[in-house]
>>> print(open('entry_7.txt').read())   # compact mmCIF, N, CA, C and O atoms
# COMPACT_ATOMS: atom_id res chain seq x y z
N MET V 1 17.19 -163.10 -65.33
CA MET V 1 16.08 -162.24 -65.67
C MET V 1 16.15 -161.00 -64.77
O MET V 1 16.30 -161.10 -63.57
N ASN V 2 16.01 -159.84 -65.40
CA ASN V 2 16.08 -158.61 -64.61
C ASN V 2 14.71 -158.24 -64.04
O ASN V 2 13.69 -158.85 -64.39
N ASP V 3 14.71 -157.22 -63.18
CA ASP V 3 13.47 -156.82 -62.51
C ASP V 3 12.38 -156.39 -63.48
O ASP V 3 11.20 -156.68 -63.27
N ALA V 4 12.76 -155.73 -64.55
CA ALA V 4 11.75 -155.27 -65.53
C ALA V 4 11.08 -156.46 -66.21
O ALA V 4 9.86 -156.45 -66.42
N GLN V 5 11.85 -157.50 -66.53
CA GLN V 5 11.28 -158.69 -67.15
C GLN V 5 10.37 -159.43 -66.16
O GLN V 5 9.29 -159.90 -66.54
N VAL V 6 10.80 -159.53 -64.92
CA VAL V 6 9.98 -160.18 -63.88
C VAL V 6 8.68 -159.42 -63.71
O VAL V 6 7.60 -160.03 -63.62
N LEU V 7 8.76 -158.11 -63.71
CA LEU V 7 7.57 -157.27 -63.57
C LEU V 7 6.62 -157.46 -64.75
O LEU V 7 5.40 -157.55 -64.57
N ASP V 8 7.16 -157.55 -65.95
CA ASP V 8 6.35 -157.78 -67.15
C ASP V 8 5.62 -159.12 -67.07
O ASP V 8 4.41 -159.21 -67.32
N ILE V 9 6.34 -160.16 -66.69
CA ILE V 9 5.73 -161.48 -66.54
C ILE V 9 4.66 -161.46 -65.45
O ILE V 9 3.60 -162.06 -65.60
N ALA V 10 4.93 -160.73 -64.37
CA ALA V 10 3.96 -160.64 -63.28
C ALA V 10 2.67 -159.99 -63.73
O ALA V 10 1.58 -160.44 -63.38
N HIS V 11 2.78 -158.93 -64.52
CA HIS V 11 1.57 -158.26 -65.04
C HIS V 11 0.77 -159.21 -65.92
O HIS V 11 -0.46 -159.26 -65.84
N LYS V 12 1.47 -159.96 -66.76
CA LYS V 12 0.79 -160.90 -67.64
C LYS V 12 0.14 -162.04 -66.85
O LYS V 12 -1.00 -162.44 -67.13
N ALA V 13 0.85 -162.55 -65.84
CA ALA V 13 0.30 -163.61 -65.01
C ALA V 13 -0.92 -163.11 -64.24
O ALA V 13 -1.93 -163.82 -64.12
N ASN V 14 -0.85 -161.89 -63.75
CA ASN V 14 -1.97 -161.31 -63.01
C ASN V 14 -3.19 -161.13 -63.93
O ASN V 14 -4.32 -161.37 -63.51
N ALA V 15 -2.93 -160.74 -65.17
CA ALA V 15 -4.03 -160.59 -66.13
C ALA V 15 -4.72 -161.93 -66.37
O ALA V 15 -5.95 -161.99 -66.48
N VAL V 16 -3.94 -163.00 -66.43
CA VAL V 16 -4.53 -164.33 -66.60
C VAL V 16 -5.35 -164.70 -65.37
O VAL V 16 -6.50 -165.14 -65.49
N LEU V 17 -4.78 -164.52 -64.19
CA LEU V 17 -5.47 -164.91 -62.95
C LEU V 17 -6.77 -164.12 -62.74
O LEU V 17 -7.72 -164.65 -62.18
N GLU V 18 -6.79 -162.87 -63.19
CA GLU V 18 -7.98 -162.05 -63.01
C GLU V 18 -8.99 -162.22 -64.14
O GLU V 18 -10.11 -161.71 -64.05
N ASN V 19 -8.61 -162.92 -65.18
CA ASN V 19 -9.49 -163.12 -66.33
C ASN V 19 -10.64 -164.05 -65.94
O ASN V 19 -10.42 -165.16 -65.47
N THR V 20 -11.87 -163.60 -66.13
CA THR V 20 -13.03 -164.40 -65.73
C THR V 20 -13.15 -165.68 -66.54
O THR V 20 -13.62 -166.70 -66.02
N ALA V 21 -12.71 -165.66 -67.80
CA ALA V 21 -12.74 -166.88 -68.60
C ALA V 21 -11.79 -167.92 -68.03
O ALA V 21 -12.12 -169.11 -67.93
N TYR V 22 -10.59 -167.48 -67.63
CA TYR V 22 -9.63 -168.40 -67.01
C TYR V 22 -10.18 -168.94 -65.69
O TYR V 22 -10.11 -170.13 -65.42
N GLN V 23 -10.72 -168.05 -64.87
CA GLN V 23 -11.25 -168.47 -63.57
C GLN V 23 -12.35 -169.51 -63.74
O GLN V 23 -12.37 -170.52 -63.03
N GLY V 24 -13.26 -169.27 -64.67
CA GLY V 24 -14.35 -170.21 -64.92
C GLY V 24 -13.83 -171.53 -65.45
O GLY V 24 -14.28 -172.61 -65.02
N ALA V 25 -12.88 -171.46 -66.39
CA ALA V 25 -12.32 -172.70 -66.96
C ALA V 25 -11.56 -173.48 -65.90
O ALA V 25 -11.72 -174.71 -65.80
N TYR V 26 -10.76 -172.80 -65.10
CA TYR V 26 -9.99 -173.48 -64.04
C TYR V 26 -10.94 -174.19 -63.08
O TYR V 26 -10.76 -175.37 -62.77
N THR V 27 -11.96 -173.47 -62.62
CA THR V 27 -12.91 -174.05 -61.67
C THR V 27 -13.65 -175.24 -62.28
O THR V 27 -13.79 -176.28 -61.64
N ALA V 28 -14.09 -175.09 -63.52
CA ALA V 28 -14.85 -176.16 -64.18
C ALA V 28 -13.99 -177.40 -64.41
O ALA V 28 -14.42 -178.53 -64.12
N VAL V 29 -12.78 -177.20 -64.91
CA VAL V 29 -11.89 -178.34 -65.17
C VAL V 29 -11.52 -179.03 -63.87
O VAL V 29 -11.55 -180.27 -63.78
N ARG V 30 -11.20 -178.26 -62.85
CA ARG V 30 -10.82 -178.87 -61.56
C ARG V 30 -11.99 -179.67 -60.99
O ARG V 30 -11.82 -180.77 -60.48
N GLN V 31 -13.18 -179.09 -61.08
CA GLN V 31 -14.36 -179.79 -60.55
C GLN V 31 -14.62 -181.08 -61.33
O GLN V 31 -14.95 -182.11 -60.75
N ARG V 32 -14.47 -181.04 -62.66
CA ARG V 32 -14.66 -182.26 -63.46
C ARG V 32 -13.65 -183.34 -63.06
O ARG V 32 -14.00 -184.51 -62.99
N LEU V 33 -12.43 -182.92 -62.83
CA LEU V 33 -11.40 -183.90 -62.42
C LEU V 33 -11.72 -184.50 -61.05
O LEU V 33 -11.60 -185.72 -60.85
N VAL V 34 -12.14 -183.68 -60.13
CA VAL V 34 -12.49 -184.17 -58.80
C VAL V 34 -13.72 -185.08 -58.88
O VAL V 34 -13.74 -186.15 -58.26
N ASP V 35 -14.71 -184.69 -59.66
CA ASP V 35 -15.90 -185.53 -59.83
C ASP V 35 -15.53 -186.88 -60.45
O ASP V 35 -16.04 -187.93 -60.03
N ALA V 36 -14.64 -186.85 -61.43
CA ALA V 36 -14.20 -188.10 -62.06
C ALA V 36 -13.47 -188.98 -61.05
O ALA V 36 -13.67 -190.20 -61.02
N MET V 37 -12.66 -188.34 -60.21
CA MET V 37 -11.92 -189.09 -59.19
C MET V 37 -12.89 -189.72 -58.19
O MET V 37 -12.72 -190.87 -57.79
N LEU V 38 -13.90 -188.97 -57.80
CA LEU V 38 -14.87 -189.49 -56.82
C LEU V 38 -15.74 -190.60 -57.41
O LEU V 38 -16.24 -191.45 -56.69
N GLY V 39 -15.90 -190.59 -58.72
CA GLY V 39 -16.73 -191.59 -59.38
C GLY V 39 -16.02 -192.88 -59.71
O GLY V 39 -16.63 -193.81 -60.24
N LEU V 40 -14.74 -192.95 -59.41
CA LEU V 40 -13.98 -194.16 -59.73
C LEU V 40 -14.27 -195.30 -58.76
O LEU V 40 -14.62 -195.07 -57.60
N GLN V 41 -14.10 -196.49 -59.27
CA GLN V 41 -14.21 -197.68 -58.42
C GLN V 41 -13.02 -197.70 -57.45
O GLN V 41 -11.93 -197.24 -57.78
N MET V 42 -13.22 -198.25 -56.29
CA MET V 42 -12.14 -198.36 -55.31
C MET V 42 -10.98 -199.18 -55.87
O MET V 42 -9.83 -198.98 -55.50
N SER V 43 -11.27 -200.11 -56.76
CA SER V 43 -10.23 -200.98 -57.31
C SER V 43 -9.43 -200.31 -58.44
O SER V 43 -8.41 -200.84 -58.87
N ASP V 44 -9.88 -199.14 -58.90
CA ASP V 44 -9.20 -198.46 -60.01
C ASP V 44 -8.11 -197.52 -59.49
O ASP V 44 -8.23 -196.30 -59.57
N ALA V 45 -7.05 -198.12 -58.98
CA ALA V 45 -5.96 -197.33 -58.42
C ALA V 45 -5.25 -196.51 -59.49
O ALA V 45 -4.86 -195.36 -59.25
N GLU V 46 -5.11 -197.07 -60.67
CA GLU V 46 -4.43 -196.37 -61.76
C GLU V 46 -5.24 -195.14 -62.20
O GLU V 46 -4.68 -194.06 -62.41
N GLY V 47 -6.53 -195.29 -62.32
CA GLY V 47 -7.38 -194.16 -62.69
C GLY V 47 -7.38 -193.09 -61.63
O GLY V 47 -7.34 -191.89 -61.94
N ALA V 48 -7.41 -193.50 -60.37
CA ALA V 48 -7.38 -192.54 -59.27
C ALA V 48 -6.06 -191.78 -59.26
O ALA V 48 -6.04 -190.55 -59.05
N GLU V 49 -4.97 -192.48 -59.51
CA GLU V 49 -3.66 -191.82 -59.54
C GLU V 49 -3.57 -190.83 -60.70
O GLU V 49 -3.06 -189.74 -60.55
N SER V 50 -4.10 -191.21 -61.85
CA SER V 50 -4.09 -190.31 -63.00
C SER V 50 -4.91 -189.05 -62.72
O SER V 50 -4.48 -187.94 -63.04
N ALA V 51 -6.07 -189.21 -62.13
CA ALA V 51 -6.92 -188.07 -61.80
C ALA V 51 -6.25 -187.18 -60.76
O ALA V 51 -6.28 -185.94 -60.86
N ARG V 52 -5.63 -187.80 -59.77
CA ARG V 52 -4.94 -187.04 -58.73
C ARG V 52 -3.79 -186.23 -59.33
O ARG V 52 -3.60 -185.06 -59.01
N GLN V 53 -3.04 -186.85 -60.23
CA GLN V 53 -1.94 -186.15 -60.88
C GLN V 53 -2.45 -184.99 -61.73
O GLN V 53 -1.83 -183.92 -61.77
N ALA V 54 -3.56 -185.18 -62.41
CA ALA V 54 -4.13 -184.12 -63.23
C ALA V 54 -4.54 -182.93 -62.36
O ALA V 54 -4.29 -181.77 -62.72
N VAL V 55 -5.15 -183.20 -61.21
CA VAL V 55 -5.54 -182.12 -60.30
C VAL V 55 -4.29 -181.40 -59.79
O VAL V 55 -4.25 -180.17 -59.74
N LYS V 56 -3.27 -182.16 -59.43
CA LYS V 56 -2.03 -181.55 -58.93
C LYS V 56 -1.37 -180.69 -60.01
O LYS V 56 -0.86 -179.60 -59.71
N LEU V 57 -1.38 -181.14 -61.25
CA LEU V 57 -0.79 -180.35 -62.33
C LEU V 57 -1.58 -179.07 -62.57
O LEU V 57 -0.99 -178.00 -62.79
N LEU V 58 -2.89 -179.15 -62.53
CA LEU V 58 -3.72 -177.97 -62.69
C LEU V 58 -3.46 -176.97 -61.56
O LEU V 58 -3.31 -175.77 -61.80
N ASP V 59 -3.36 -177.48 -60.34
CA ASP V 59 -3.06 -176.61 -59.20
C ASP V 59 -1.65 -176.03 -59.30
O ASP V 59 -1.41 -174.88 -58.92
N ALA V 60 -0.70 -176.81 -59.85
CA ALA V 60 0.66 -176.32 -60.02
C ALA V 60 0.72 -175.18 -61.03
O ALA V 60 1.49 -174.23 -60.87
N LEU V 61 -0.11 -175.26 -62.06
CA LEU V 61 -0.18 -174.18 -63.04
C LEU V 61 -0.63 -172.88 -62.37
O LEU V 61 -0.02 -171.82 -62.54
N LYS V 62 -1.67 -172.97 -61.57
CA LYS V 62 -2.17 -171.78 -60.87
C LYS V 62 -1.12 -171.27 -59.88
O LYS V 62 -0.90 -170.06 -59.76
N ALA V 63 -0.45 -172.18 -59.19
CA ALA V 63 0.59 -171.78 -58.23
C ALA V 63 1.74 -171.07 -58.94
O ALA V 63 2.31 -170.11 -58.41
N GLU V 64 2.08 -171.53 -60.14
CA GLU V 64 3.14 -170.89 -60.91
C GLU V 64 2.76 -169.46 -61.27
O GLU V 64 3.58 -168.54 -61.18
N LEU V 65 1.52 -169.25 -61.65
CA LEU V 65 1.05 -167.90 -61.95
C LEU V 65 1.04 -167.03 -60.70
O LEU V 65 1.44 -165.86 -60.73
N ASP V 66 0.60 -167.59 -59.58
CA ASP V 66 0.60 -166.86 -58.30
C ASP V 66 2.03 -166.46 -57.91
O ASP V 66 2.26 -165.34 -57.44
N THR V 67 2.97 -167.37 -58.11
CA THR V 67 4.37 -167.09 -57.78
C THR V 67 4.92 -165.97 -58.66
O THR V 67 5.66 -165.11 -58.19
N ALA V 68 4.56 -165.98 -59.93
CA ALA V 68 5.01 -164.92 -60.84
C ALA V 68 4.49 -163.57 -60.39
O ALA V 68 5.22 -162.57 -60.43
N VAL V 69 3.24 -163.53 -59.93
CA VAL V 69 2.66 -162.27 -59.45
C VAL V 69 3.41 -161.80 -58.20
O VAL V 69 3.76 -160.62 -58.08
N LYS V 70 3.70 -162.71 -57.28
CA LYS V 70 4.43 -162.35 -56.06
C LYS V 70 5.84 -161.87 -56.39
O LYS V 70 6.33 -160.91 -55.80
N SER V 71 6.49 -162.54 -57.32
CA SER V 71 7.84 -162.12 -57.73
C SER V 71 7.80 -160.72 -58.34
O SER V 71 8.72 -159.92 -58.14
N GLY V 72 6.74 -160.43 -59.05
CA GLY V 72 6.57 -159.11 -59.64
C GLY V 72 6.42 -158.03 -58.58
O GLY V 72 6.92 -156.92 -58.75
N LYS V 73 5.76 -158.36 -57.49
CA LYS V 73 5.61 -157.39 -56.40
C LYS V 73 6.97 -157.08 -55.78
O LYS V 73 7.27 -155.94 -55.46
N VAL V 74 7.79 -158.12 -55.64
CA VAL V 74 9.14 -157.92 -55.11
C VAL V 74 9.97 -157.09 -56.09
O VAL V 74 10.68 -156.15 -55.69
N ALA V 75 9.87 -157.40 -57.37
CA ALA V 75 10.61 -156.65 -58.39
C ALA V 75 10.16 -155.20 -58.43
O ALA V 75 10.99 -154.29 -58.57
N ALA V 76 8.86 -154.96 -58.30
CA ALA V 76 8.35 -153.58 -58.30
C ALA V 76 8.90 -152.80 -57.12
O ALA V 76 9.28 -151.63 -57.25
N ALA V 77 8.96 -153.45 -55.96
CA ALA V 77 9.52 -152.79 -54.78
C ALA V 77 11.00 -152.49 -54.98
O ALA V 77 11.49 -151.42 -54.59
N SER V 78 11.71 -153.42 -55.60
CA SER V 78 13.13 -153.23 -55.87
C SER V 78 13.35 -152.07 -56.84
O SER V 78 14.23 -151.22 -56.63
N ILE V 79 12.54 -152.02 -57.88
CA ILE V 79 12.64 -150.93 -58.85
C ILE V 79 12.32 -149.60 -58.17
O ILE V 79 13.01 -148.60 -58.40
N ALA V 80 11.30 -149.57 -57.34
CA ALA V 80 10.92 -148.34 -56.64
C ALA V 80 12.04 -147.88 -55.70
O ALA V 80 12.33 -146.67 -55.61
N GLU V 81 12.69 -148.83 -55.04
CA GLU V 81 13.79 -148.48 -54.13
C GLU V 81 14.98 -147.90 -54.91
O GLU V 81 15.58 -146.91 -54.50
N ILE V 82 15.28 -148.51 -56.04
CA ILE V 82 16.38 -148.01 -56.88
C ILE V 82 16.07 -146.60 -57.37
O ILE V 82 16.93 -145.71 -57.35
N GLU V 83 14.83 -146.37 -57.80
CA GLU V 83 14.42 -145.04 -58.25
C GLU V 83 14.50 -144.02 -57.12
O GLU V 83 14.95 -142.89 -57.32
N ALA V 84 14.07 -144.41 -55.93
CA ALA V 84 14.11 -143.50 -54.79
C ALA V 84 15.55 -143.14 -54.45
O ALA V 84 15.86 -141.97 -54.15
N ARG V 85 16.44 -144.12 -54.50
CA ARG V 85 17.86 -143.84 -54.23
C ARG V 85 18.44 -142.91 -55.30
O ARG V 85 19.24 -142.03 -55.00
N ARG V 86 18.06 -143.15 -56.55
CA ARG V 86 18.58 -142.35 -57.66
C ARG V 86 18.12 -140.89 -57.54
O ARG V 86 18.86 -139.97 -57.87
N LYS V 87 16.90 -140.69 -57.05
CA LYS V 87 16.35 -139.34 -56.94
C LYS V 87 16.72 -138.62 -55.64
O LYS V 87 16.42 -137.46 -55.47
N ASN V 88 17.38 -139.32 -54.73
CA ASN V 88 17.75 -138.75 -53.43
C ASN V 88 18.77 -137.61 -53.64
O ASN V 88 19.83 -137.83 -54.21
N PRO V 89 18.44 -136.43 -53.16
CA PRO V 89 19.37 -135.29 -53.34
C PRO V 89 20.69 -135.46 -52.58
O PRO V 89 21.66 -134.84 -52.92
N LEU V 90 20.72 -136.31 -51.59
CA LEU V 90 21.94 -136.53 -50.81
C LEU V 90 22.81 -137.64 -51.40
O LEU V 90 23.86 -137.94 -50.85
N ARG V 91 22.37 -138.19 -52.50
CA ARG V 91 23.09 -139.28 -53.14
C ARG V 91 24.50 -138.82 -53.52
O ARG V 91 24.70 -137.79 -54.13
N GLY V 92 25.48 -139.56 -53.12
CA GLY V 92 26.85 -139.29 -53.50
C GLY V 92 27.61 -138.34 -52.58
O GLY V 92 28.81 -138.18 -52.74
N ILE V 93 26.93 -137.72 -51.64
CA ILE V 93 27.60 -136.77 -50.75
C ILE V 93 28.59 -137.49 -49.84
O ILE V 93 29.69 -137.01 -49.60
N PHE V 94 28.20 -138.64 -49.33
CA PHE V 94 29.03 -139.33 -48.34
C PHE V 94 29.90 -140.42 -48.95
O PHE V 94 30.35 -141.29 -48.26
N ARG V 95 30.14 -140.36 -50.20
CA ARG V 95 30.98 -141.39 -50.84
C ARG V 95 32.41 -140.99 -50.82
O ARG V 95 32.87 -139.95 -50.80
>>> encode(input="entry_7.txt", output="structure tokens")
Amino acid sequence: MNDAQVLDIAHKANAVLENTAYQGAYTAVRQRLVDAMLGLQMSDAEGAESARQAVKLLDALKAELDTAVKSGKVAAASIAEIEARRKNPLRGIFR
């Protein structure tokens, strides 16, 4: 994947993370999962494990979006550096 594609994905991931509907849904779903986990019987190890896995998967989704945004910042810096080099009037003089 090239820098432009990474940057495009980063913009889309950032739009999702900043979306108030996503933020509300993420918070509500995570809270429901935690509440369900806390409401389980101590003997329900299978239910607790399922709830724990669901919370981890939800958190992994958010982490994946966060990583895409960070990768986009790196790609943007790389693109900016390439552009700056290309526009440098001294480019090619010392080759």
>>> closest_residue(input="entry_7.txt", among="V:Met42, V:Val34, V:Val6, V:Ala75", to="Val55 in chain V", atoms="only C-alpha atoms")
V:Val34
>>> atom_distance(input="entry_7.txt", atom1="CA of Tyr26 in chain V", atom2="CA of Ala45 in chain V")
24.8 Å
>>> select_by_dssp(input="entry_7.txt", residues="chain V", states="helix (DSSP H, G or I)", output="PyMOL selection string")
chain V and resi 3-18+20-38+45-87
>>> atom_distance(input="entry_7.txt", atom1="CA of Asn2 in chain V", atom2="CA of Ala63 in chain V")
21.3 Å
>>> atom_distance(input="entry_7.txt", atom1="atom N of His11 in chain V", atom2="atom N of Lys56 in chain V")
24.5 Å
>>> residues_around(input="entry_7.txt", residues="Val69 in chain V", least_positions_apart="5", cutoff="6 Å", atoms="only N, CA, C and O atoms", output="list in words")
Ile9, Ala10, Ala13, Asn14, Glu64 and Val74 of chain V
>>> closest_residue(input="entry_7.txt", among="V:Met1, V:Ala25, V:Leu7, V:Ala36", to="Lys62 in chain V", atoms="only C-alpha atoms")
V:Ala25
>>> axis_aligned_box(input="entry_7.txt", around="range 79-88 of chain V", padding_each_side="6 Å", output="lines of an AutoDock Vina configuration file")
center_x = 15.4
center_y = -144.7
center_z = -56.1
size_x = 20.9
size_y = 26.6
size_z = 17.4
>>> closest_residue(input="entry_7.txt", among="V:Asp44, V:Leu58, V:Asp8, V:Asp3", to="Ala28 in chain V", atoms="only C-alpha atoms")
V:Leu58
>>> closest_residue(input="entry_7.txt", among="V:Glu83, V:Glu46, V:Leu90, V:Gly72", to="Lys12 in chain V", atoms="only C-alpha atoms")
V:Gly72
